[in-house]
file structure.csv (CSV, C-alpha atoms and all ligand atoms)
chain,number,residue,atom,x,y,z
L,1,MET,CA,48.8,-25.8,-28.3
L,2,SER,CA,48.3,-25.1,-32.0
L,3,THR,CA,46.2,-27.1,-34.3
L,4,HIS,CA,49.4,-28.4,-35.8
L,5,GLU,CA,50.1,-30.6,-32.8
L,6,ARG,CA,46.7,-32.2,-33.0
L,7,ARG,CA,46.4,-34.5,-35.9
L,8,PRO,CA,43.2,-33.8,-37.8
L,9,MET,CA,40.5,-36.5,-38.2
L,10,VAL,CA,38.0,-36.8,-40.9
L,11,ALA,CA,35.3,-39.3,-39.9
L,12,GLY,CA,32.5,-40.6,-42.2
L,13,ASN,CA,29.2,-41.3,-40.6
L,14,TRP,CA,27.3,-43.3,-43.1
L,15,LYS,CA,24.2,-43.4,-40.9
L,16,MET,CA,21.6,-46.0,-42.1
L,17,HIS,CA,23.0,-46.2,-45.6
L,18,GLY,CA,24.8,-48.9,-47.6
L,19,THR,CA,24.7,-52.4,-48.9
L,20,ARG,CA,27.8,-54.7,-49.2
L,21,ALA,CA,28.1,-53.6,-52.8
L,22,LEU,CA,28.0,-49.9,-52.1
L,23,ALA,CA,30.4,-50.2,-49.2
L,24,ARG,CA,32.9,-52.2,-51.4
L,25,GLU,CA,32.8,-49.5,-54.1
L,26,LEU,CA,33.0,-46.6,-51.7
L,27,VAL,CA,35.9,-48.0,-49.7
L,28,GLU,CA,37.7,-49.0,-52.8
L,29,GLY,CA,37.3,-45.5,-54.2
L,30,ILE,CA,38.8,-44.0,-51.1
L,31,MET,CA,41.6,-46.4,-50.8
L,32,SER,CA,42.7,-46.2,-54.5
L,33,ALA,CA,43.0,-42.4,-54.3
L,34,LEU,CA,45.0,-42.6,-51.1
L,35,GLU,CA,47.4,-45.0,-52.7
L,36,SER,CA,48.8,-42.3,-54.9
L,37,SER,CA,49.0,-39.6,-52.2
L,38,PRO,CA,48.4,-40.8,-48.6
L,39,ALA,CA,47.0,-38.0,-46.4
L,40,ASP,CA,48.5,-37.0,-43.0
L,41,VAL,CA,45.0,-37.1,-41.6
L,42,GLU,CA,43.4,-39.7,-39.5
L,43,ILE,CA,40.6,-41.2,-41.5
L,44,LEU,CA,37.7,-43.1,-39.9
L,45,LEU,CA,34.8,-44.8,-41.5
L,46,CYS,CA,31.6,-45.5,-39.5
L,47,PRO,CA,29.3,-47.9,-41.4
L,48,PRO,CA,26.2,-49.5,-40.1
L,49,TYR,CA,26.9,-52.4,-37.7
L,50,VAL,CA,26.3,-55.2,-40.3
L,51,LEU,CA,28.9,-53.7,-42.7
L,52,ILE,CA,31.6,-53.3,-40.1
L,53,PRO,CA,33.3,-56.8,-40.7
L,54,GLN,CA,33.4,-56.2,-44.4
L,55,VAL,CA,34.9,-52.7,-44.1
L,56,VAL,CA,37.4,-53.8,-41.5
L,57,ALA,CA,38.6,-56.5,-43.9
L,58,GLN,CA,38.8,-54.1,-46.8
L,59,VAL,CA,40.8,-51.3,-45.0
L,60,ALA,CA,43.3,-53.9,-43.7
L,61,ALA,CA,44.7,-53.7,-47.2
L,62,ALA,CA,44.8,-49.8,-47.3
L,63,PRO,CA,48.0,-48.1,-48.2
L,64,CYS,CA,47.6,-45.8,-45.1
L,65,ALA,CA,45.8,-46.5,-41.9
L,66,ILE,CA,42.0,-46.1,-42.2
L,67,GLY,CA,40.1,-46.8,-39.0
L,68,VAL,CA,36.7,-48.2,-38.6
L,69,GLY,CA,34.2,-47.0,-36.0
L,70,ALA,CA,30.6,-47.7,-35.0
L,71,GLN,CA,27.8,-45.2,-34.9
L,72,ASP,CA,26.5,-46.2,-31.5
L,73,THR,CA,26.7,-48.9,-28.9
L,74,ASP,CA,24.7,-50.2,-26.0
L,75,ALA,CA,25.8,-49.1,-22.5
L,76,SER,CA,25.9,-52.6,-21.1
L,77,ASP,CA,28.7,-55.1,-22.0
L,78,GLU,CA,26.3,-58.1,-22.5
L,79,GLY,CA,23.0,-59.5,-21.4
L,80,ALA,CA,19.4,-59.8,-22.2
L,81,PHE,CA,19.0,-56.8,-24.5
L,82,THR,CA,17.3,-58.0,-27.7
L,83,GLY,CA,18.5,-56.2,-30.7
L,84,ALA,CA,21.4,-54.4,-29.0
L,85,VAL,CA,25.1,-54.4,-29.8
L,86,SER,CA,27.7,-53.9,-27.1
L,87,ALA,CA,31.1,-52.1,-27.1
L,88,PRO,CA,33.1,-55.3,-26.5
L,89,MET,CA,31.5,-56.8,-29.6
L,90,LEU,CA,32.5,-53.8,-31.6
L,91,ALA,CA,36.1,-53.9,-30.3
L,92,ASP,CA,36.1,-57.6,-31.2
L,93,GLN,CA,35.1,-56.8,-34.8
L,94,GLY,CA,38.0,-54.4,-35.1
L,95,CYS,CA,36.4,-51.0,-34.3
L,96,SER,CA,38.7,-48.4,-32.9
L,97,HIS,CA,36.1,-45.6,-32.2
L,98,VAL,CA,32.4,-45.4,-31.4
L,99,ILE,CA,30.2,-42.3,-31.9
L,100,VAL,CA,28.0,-41.7,-28.8
L,101,GLY,CA,25.2,-39.2,-28.4
L,102,HIS,CA,24.7,-38.3,-32.0
L,103,SER,CA,21.8,-35.9,-32.2
L,104,GLU,CA,19.7,-38.5,-34.1
L,105,ARG,CA,20.2,-40.9,-31.1
L,106,ARG,CA,19.3,-38.1,-28.7
L,107,HIS,CA,16.3,-36.7,-30.6
L,108,VAL,CA,14.9,-39.7,-32.5
L,109,TYR,CA,15.6,-42.3,-29.9
L,110,GLY,CA,15.2,-40.1,-26.8
L,111,GLU,CA,18.7,-40.8,-25.3
L,112,SER,CA,19.4,-38.7,-22.2
L,113,ASP,CA,22.7,-37.1,-21.3
L,114,GLU,CA,23.1,-39.9,-18.6
L,115,THR,CA,22.6,-42.7,-21.2
L,116,VAL,CA,25.2,-41.0,-23.5
L,117,ALA,CA,27.6,-40.8,-20.5
L,118,ALA,CA,27.1,-44.5,-19.8
L,119,LYS,CA,27.8,-45.3,-23.4
L,120,PHE,CA,30.9,-43.1,-23.4
L,121,GLU,CA,32.2,-45.2,-20.4
L,122,ALA,CA,31.3,-48.5,-22.1
L,123,VAL,CA,33.4,-47.5,-25.1
L,124,ARG,CA,36.4,-46.7,-22.9
L,125,ARG,CA,36.0,-49.9,-20.9
L,126,ALA,CA,36.2,-51.9,-24.2
L,127,GLY,CA,39.5,-50.1,-25.0
L,128,MET,CA,38.1,-47.9,-27.8
L,129,THR,CA,37.9,-44.2,-28.3
L,130,PRO,CA,34.6,-42.4,-27.9
L,131,ILE,CA,33.5,-39.6,-30.2
L,132,LEU,CA,31.0,-37.6,-28.1
L,133,CYS,CA,28.5,-35.6,-30.1
L,134,VAL,CA,27.1,-32.4,-28.7
L,135,GLY,CA,25.0,-29.7,-30.3
L,136,GLU,CA,22.0,-27.3,-29.8
L,137,THR,CA,18.8,-27.2,-31.8
L,138,LEU,CA,17.8,-24.0,-33.7
L,139,GLU,CA,15.3,-23.1,-31.0
L,140,GLN,CA,18.0,-23.4,-28.3
L,141,ARG,CA,20.4,-21.3,-30.3
L,142,GLU,CA,17.8,-18.6,-30.9
L,143,ALA,CA,17.0,-18.6,-27.2
L,144,GLY,CA,20.7,-17.9,-26.5
L,145,ASP,CA,21.1,-21.4,-24.9
L,146,THR,CA,23.9,-22.8,-27.1
L,147,ALA,CA,26.7,-22.7,-24.4
L,148,GLY,CA,24.4,-24.0,-21.7
L,149,VAL,CA,23.2,-26.9,-23.8
L,150,VAL,CA,26.6,-28.1,-25.1
L,151,LEU,CA,28.3,-27.7,-21.8
L,152,SER,CA,25.6,-29.7,-19.9
L,153,GLN,CA,26.0,-32.5,-22.5
L,154,VAL,CA,29.7,-32.5,-21.8
L,155,ASP,CA,29.3,-32.2,-18.0
L,156,ALA,CA,27.2,-35.4,-17.9
L,157,VAL,CA,30.2,-37.2,-19.2
L,158,LEU,CA,32.7,-35.3,-17.1
L,159,ARG,CA,30.9,-36.3,-14.0
L,160,ASP,CA,31.3,-40.0,-14.7
L,161,ALA,CA,34.5,-40.2,-16.7
L,162,GLY,CA,36.5,-37.2,-15.4
L,163,ALA,CA,38.3,-34.6,-17.5
L,164,ALA,CA,41.4,-36.6,-18.0
L,165,ALA,CA,39.3,-39.1,-20.1
L,166,PHE,CA,39.1,-36.4,-22.8
L,167,ALA,CA,42.8,-36.6,-23.5
L,168,ASP,CA,41.9,-39.9,-25.4
L,169,ALA,CA,38.5,-39.0,-26.6
L,170,LEU,CA,37.0,-36.7,-29.2
L,171,ILE,CA,34.1,-34.3,-29.1
L,172,ALA,CA,32.1,-33.6,-32.3
L,173,TYR,CA,30.3,-30.3,-32.2
L,174,GLU,CA,27.2,-30.7,-34.4
L,175,PRO,CA,24.7,-28.0,-34.3
L,176,VAL,CA,21.4,-29.9,-34.9
L,177,TRP,CA,20.1,-27.2,-37.3
L,178,ALA,CA,23.2,-27.9,-39.6
L,179,ILE,CA,22.9,-31.7,-39.8
L,180,GLY,CA,21.6,-32.8,-43.2
L,181,THR,CA,20.2,-29.4,-43.9
L,182,GLY,CA,22.9,-27.9,-46.1
L,183,ARG,CA,23.0,-25.0,-43.6
L,184,VAL,CA,26.5,-24.9,-42.2
L,185,ALA,CA,27.6,-23.0,-39.1
L,186,GLU,CA,29.5,-19.8,-39.9
L,187,PRO,CA,33.2,-20.1,-39.1
L,188,SER,CA,32.8,-17.7,-36.2
L,189,GLN,CA,29.9,-19.7,-34.7
L,190,ALA,CA,31.9,-22.9,-35.0
L,191,GLN,CA,35.1,-21.5,-33.5
L,192,GLU,CA,33.2,-19.9,-30.6
L,193,VAL,CA,31.7,-23.2,-29.5
L,194,HIS,CA,34.9,-25.2,-30.1
L,195,GLU,CA,36.9,-22.7,-28.1
L,196,LEU,CA,34.3,-22.9,-25.3
L,197,LEU,CA,34.4,-26.7,-25.2
L,198,ARG,CA,38.2,-26.8,-25.2
L,199,ARG,CA,38.4,-24.2,-22.4
L,200,HIS,CA,35.8,-26.1,-20.4
L,201,VAL,CA,37.9,-29.3,-20.5
L,202,ARG,CA,41.2,-27.4,-20.1
L,203,ASP,CA,40.1,-25.6,-16.9
L,204,ARG,CA,39.6,-29.1,-15.4
L,205,ASP,CA,42.6,-30.8,-16.9
L,206,PRO,CA,45.1,-28.7,-18.9
L,207,ARG,CA,46.7,-31.7,-20.6
L,208,ALA,CA,43.4,-33.1,-21.7
L,209,GLY,CA,42.2,-29.7,-22.9
L,210,ALA,CA,45.3,-29.3,-25.0
L,211,ALA,CA,45.2,-32.8,-26.5
L,212,LEU,CA,41.4,-33.0,-27.1
L,213,ARG,CA,40.4,-33.1,-30.7
L,214,ILE,CA,37.1,-31.4,-31.5
L,215,LEU,CA,35.5,-32.2,-34.8
L,216,TYR,CA,32.9,-30.0,-36.5
L,217,GLY,CA,29.9,-31.7,-38.0
L,218,GLY,CA,26.8,-30.6,-39.9
L,219,SER,CA,26.7,-30.2,-43.7
L,220,VAL,CA,30.5,-30.3,-44.2
L,221,LYS,CA,31.1,-30.4,-47.9
L,222,PRO,CA,34.1,-30.0,-50.2
L,223,GLY,CA,33.2,-26.3,-50.7
L,224,ASN,CA,33.2,-25.3,-47.0
L,225,ALA,CA,35.6,-27.8,-45.4
L,226,ALA,CA,38.8,-25.9,-45.8
L,227,ARG,CA,37.3,-22.8,-44.2
L,228,LEU,CA,36.1,-24.7,-41.2
L,229,PHE,CA,39.2,-26.9,-40.7
L,230,ALA,CA,41.5,-23.8,-40.7
L,231,LEU,CA,39.8,-22.6,-37.5
L,232,PRO,CA,42.2,-22.8,-34.5
L,233,ASP,CA,40.0,-25.1,-32.4
L,234,VAL,CA,38.6,-27.2,-35.2
L,235,ASP,CA,40.5,-30.5,-35.6
L,236,GLY,CA,38.7,-32.0,-38.6
L,237,GLY,CA,35.1,-33.1,-39.2
L,238,LEU,CA,32.3,-35.6,-38.8
L,239,ILE,CA,30.8,-36.0,-42.2
L,240,GLY,CA,27.4,-37.4,-43.0
L,241,GLY,CA,26.0,-37.0,-46.5
L,242,ALA,CA,29.3,-36.2,-48.2
L,243,SER,CA,30.9,-39.3,-46.8
L,244,LEU,CA,28.8,-41.5,-49.0
L,245,ASP,CA,30.5,-40.2,-52.1
L,246,ALA,CA,34.2,-41.1,-52.5
L,247,PRO,CA,35.3,-38.0,-54.5
L,248,GLN,CA,33.6,-35.6,-52.0
L,249,PHE,CA,34.9,-37.4,-49.0
L,250,LEU,CA,38.4,-37.4,-50.4
L,251,GLU,CA,38.2,-33.7,-51.1
L,252,ILE,CA,37.2,-33.1,-47.5
L,253,VAL,CA,40.2,-35.2,-46.4
L,254,ARG,CA,42.5,-33.0,-48.6
L,255,ALA,CA,41.0,-29.9,-47.0
L,256,ALA,CA,42.0,-31.3,-43.5
L,257,GLN,CA,45.4,-32.1,-44.8
L,258,GLY,CA,45.8,-28.5,-46.1
L,259,ALA,CA,44.7,-27.1,-42.7
L,260,HIS,CA,47.2,-29.3,-41.0
L,261,THR,CA,50.1,-28.1,-43.1
L,262,GLY,CA,48.9,-24.5,-42.9
L,263,MET,CA,48.0,-24.4,-46.6
L,264,ALA,CA,44.2,-23.9,-46.2
L,265,GLY,CA,42.8,-20.5,-46.8
L,301,LIG,P1,25.7,-34.2,-42.5
L,301,LIG,O1,25.6,-35.1,-41.2
L,301,LIG,O2,27.1,-34.0,-42.9
L,301,LIG,O3,24.9,-35.0,-43.5
L,301,LIG,O4,25.0,-32.9,-42.1
L,301,LIG,C1,26.6,-34.9,-40.2
L,301,LIG,C2,26.3,-35.9,-39.0
L,301,LIG,O5,25.1,-36.1,-38.7
L,301,LIG,O6,27.2,-36.5,-38.4

call {"tool": "encode", "arguments": {"input": "structure.csv", "output": "structure tokens", "more": "lines below"}}
Ligand code: PGA
result
Amino acid sequence: MSTHERRPMVAGNWKMHGTRALARELVEGIMSALESSPADVEILLCPPYVLIPQVVAQVAAAPCAIGVGAQDTDASDEGAFTGAVSAPMLADQGCSHVIVGHSERRHVYGESDETVAAKFEAVRRAGMTPILCVGETLEQREAGDTAGVVLSQVDAVLRDAGAAAFADALIAYEPVWAIGTGRVAEPSQAQEVHELLRRHVRDRDPRAGAALRILYGGSVKPGNAARLFALPDVDGGLIGGASLDAPQFLEIVRAAQGAHTGMAG
């Protein structure tokens, strides 16, 4: 299946940034630009939990569909888990997607592959779409372990959810050394891992492997997005820093649109 049959997604991961005022301005900036030329790209905004209701209300008035996602969830649906937020709560607030296994969750908060797999299942149980993040550290890349690391991160989820689940899920390949560093993967490095991930799922479930959208993340900016999105197995991006600036985020959306219609260079 060519990239043309998989609709690209550009997802903004705001991380722990934003106030109500900043969110209002940012979402207004994105929506007003899309009013004049709606993009044939799936756009997803992932604000911090507390801003989700406000952003959901704002995008309800958008000229084209803009989805709202969360950056994480608890693996349990409810219970005595002080400070936690569950997937059913996020669905109830209007979220369509949830990021699971972001490298900051794995490395700063010590989440294991098994925890991430349980969260992936919680998101599906609540009727939403998981975006599973995988990626190797610089040390792991330099030791030649990239394939082993990303495949074992995917395998933990495959064991619980099965390969068919990936027909309705996304993977985000985010090399840890490229996140927030300004150091972006070379197109050949990104394509190699994306192709590997797709083949891994396709070997277990051809339909899921063909439908699976794989986003690239890690220092995606207006200046490098078109090159990355034009790669055959890259279906858009998960954008951190540049998603906090409406003009930059919109330029990245346009780059995905160009890739989709075959105009990107
Ligand atoms: P970045 O973050 O674009 O700021 O590198 C990407 C991410 O962590 O999802």

call {"tool": "residues_around", "arguments": {"input": "structure.csv", "residues": "range 115-118 of chain L", "least_positions_apart": "5", "cutoff": "10 Å", "atoms": "only C-alpha atoms", "output": "list of chain:residue names"}}
result
L:Asp72, L:Thr73, L:Asp74, L:Ala75, L:Ser76, L:Ile99, L:Val100, L:Gly101, L:His102, L:Arg105, L:Arg106, L:Gly110, L:Val123, L:Leu132, L:Cys133, L:Gln153, L:Val154, L:Asp155, L:Ala156, L:Val157, L:Leu158, L:Arg159, L:Asp160, L:Ala161

call {"tool": "residues_around", "arguments": {"input": "structure.csv", "residues": "Asp235 in chain L", "least_positions_apart": "4", "cutoff": "8 Å", "atoms": "all atoms listed in the file", "output": "list in words"}}
result
Thr3, Arg6, Arg7, Pro8, Met9, Arg213, Ile214, Leu215, Tyr216 and Phe229 of chain L

call {"tool": "closest_residue", "arguments": {"input": "structure.csv", "among": "L:Arg207, L:Ile43, L:Arg183, L:Leu151", "to": "Glu195 in chain L", "atoms": "all atoms listed in the file"}}
result
L:Leu151

call {"tool": "residues_near_ligand", "arguments": {"input": "structure.csv", "ligand": "ligand LIG 301 (chain L)", "cutoff": "8 Å", "atoms": "only C-alpha atoms and all ligand atoms", "output": "list in words"}}
result
Gly12, Asn13, Lys15, His102, Ser103, Glu104, Glu174, Ala178, Ile179, Gly180, Thr181, Gly182, Gly217, Gly218, Ser219, Val220, Lys221, Leu238, Ile239, Gly240, Gly241, Ala242 and Ser243 of chain L

call {"tool": "atom_distance", "arguments": {"input": "structure.csv", "atom1": "CA of Met89 in chain L", "atom2": "CA of Tyr109 in chain L"}}
result
21.5 Å
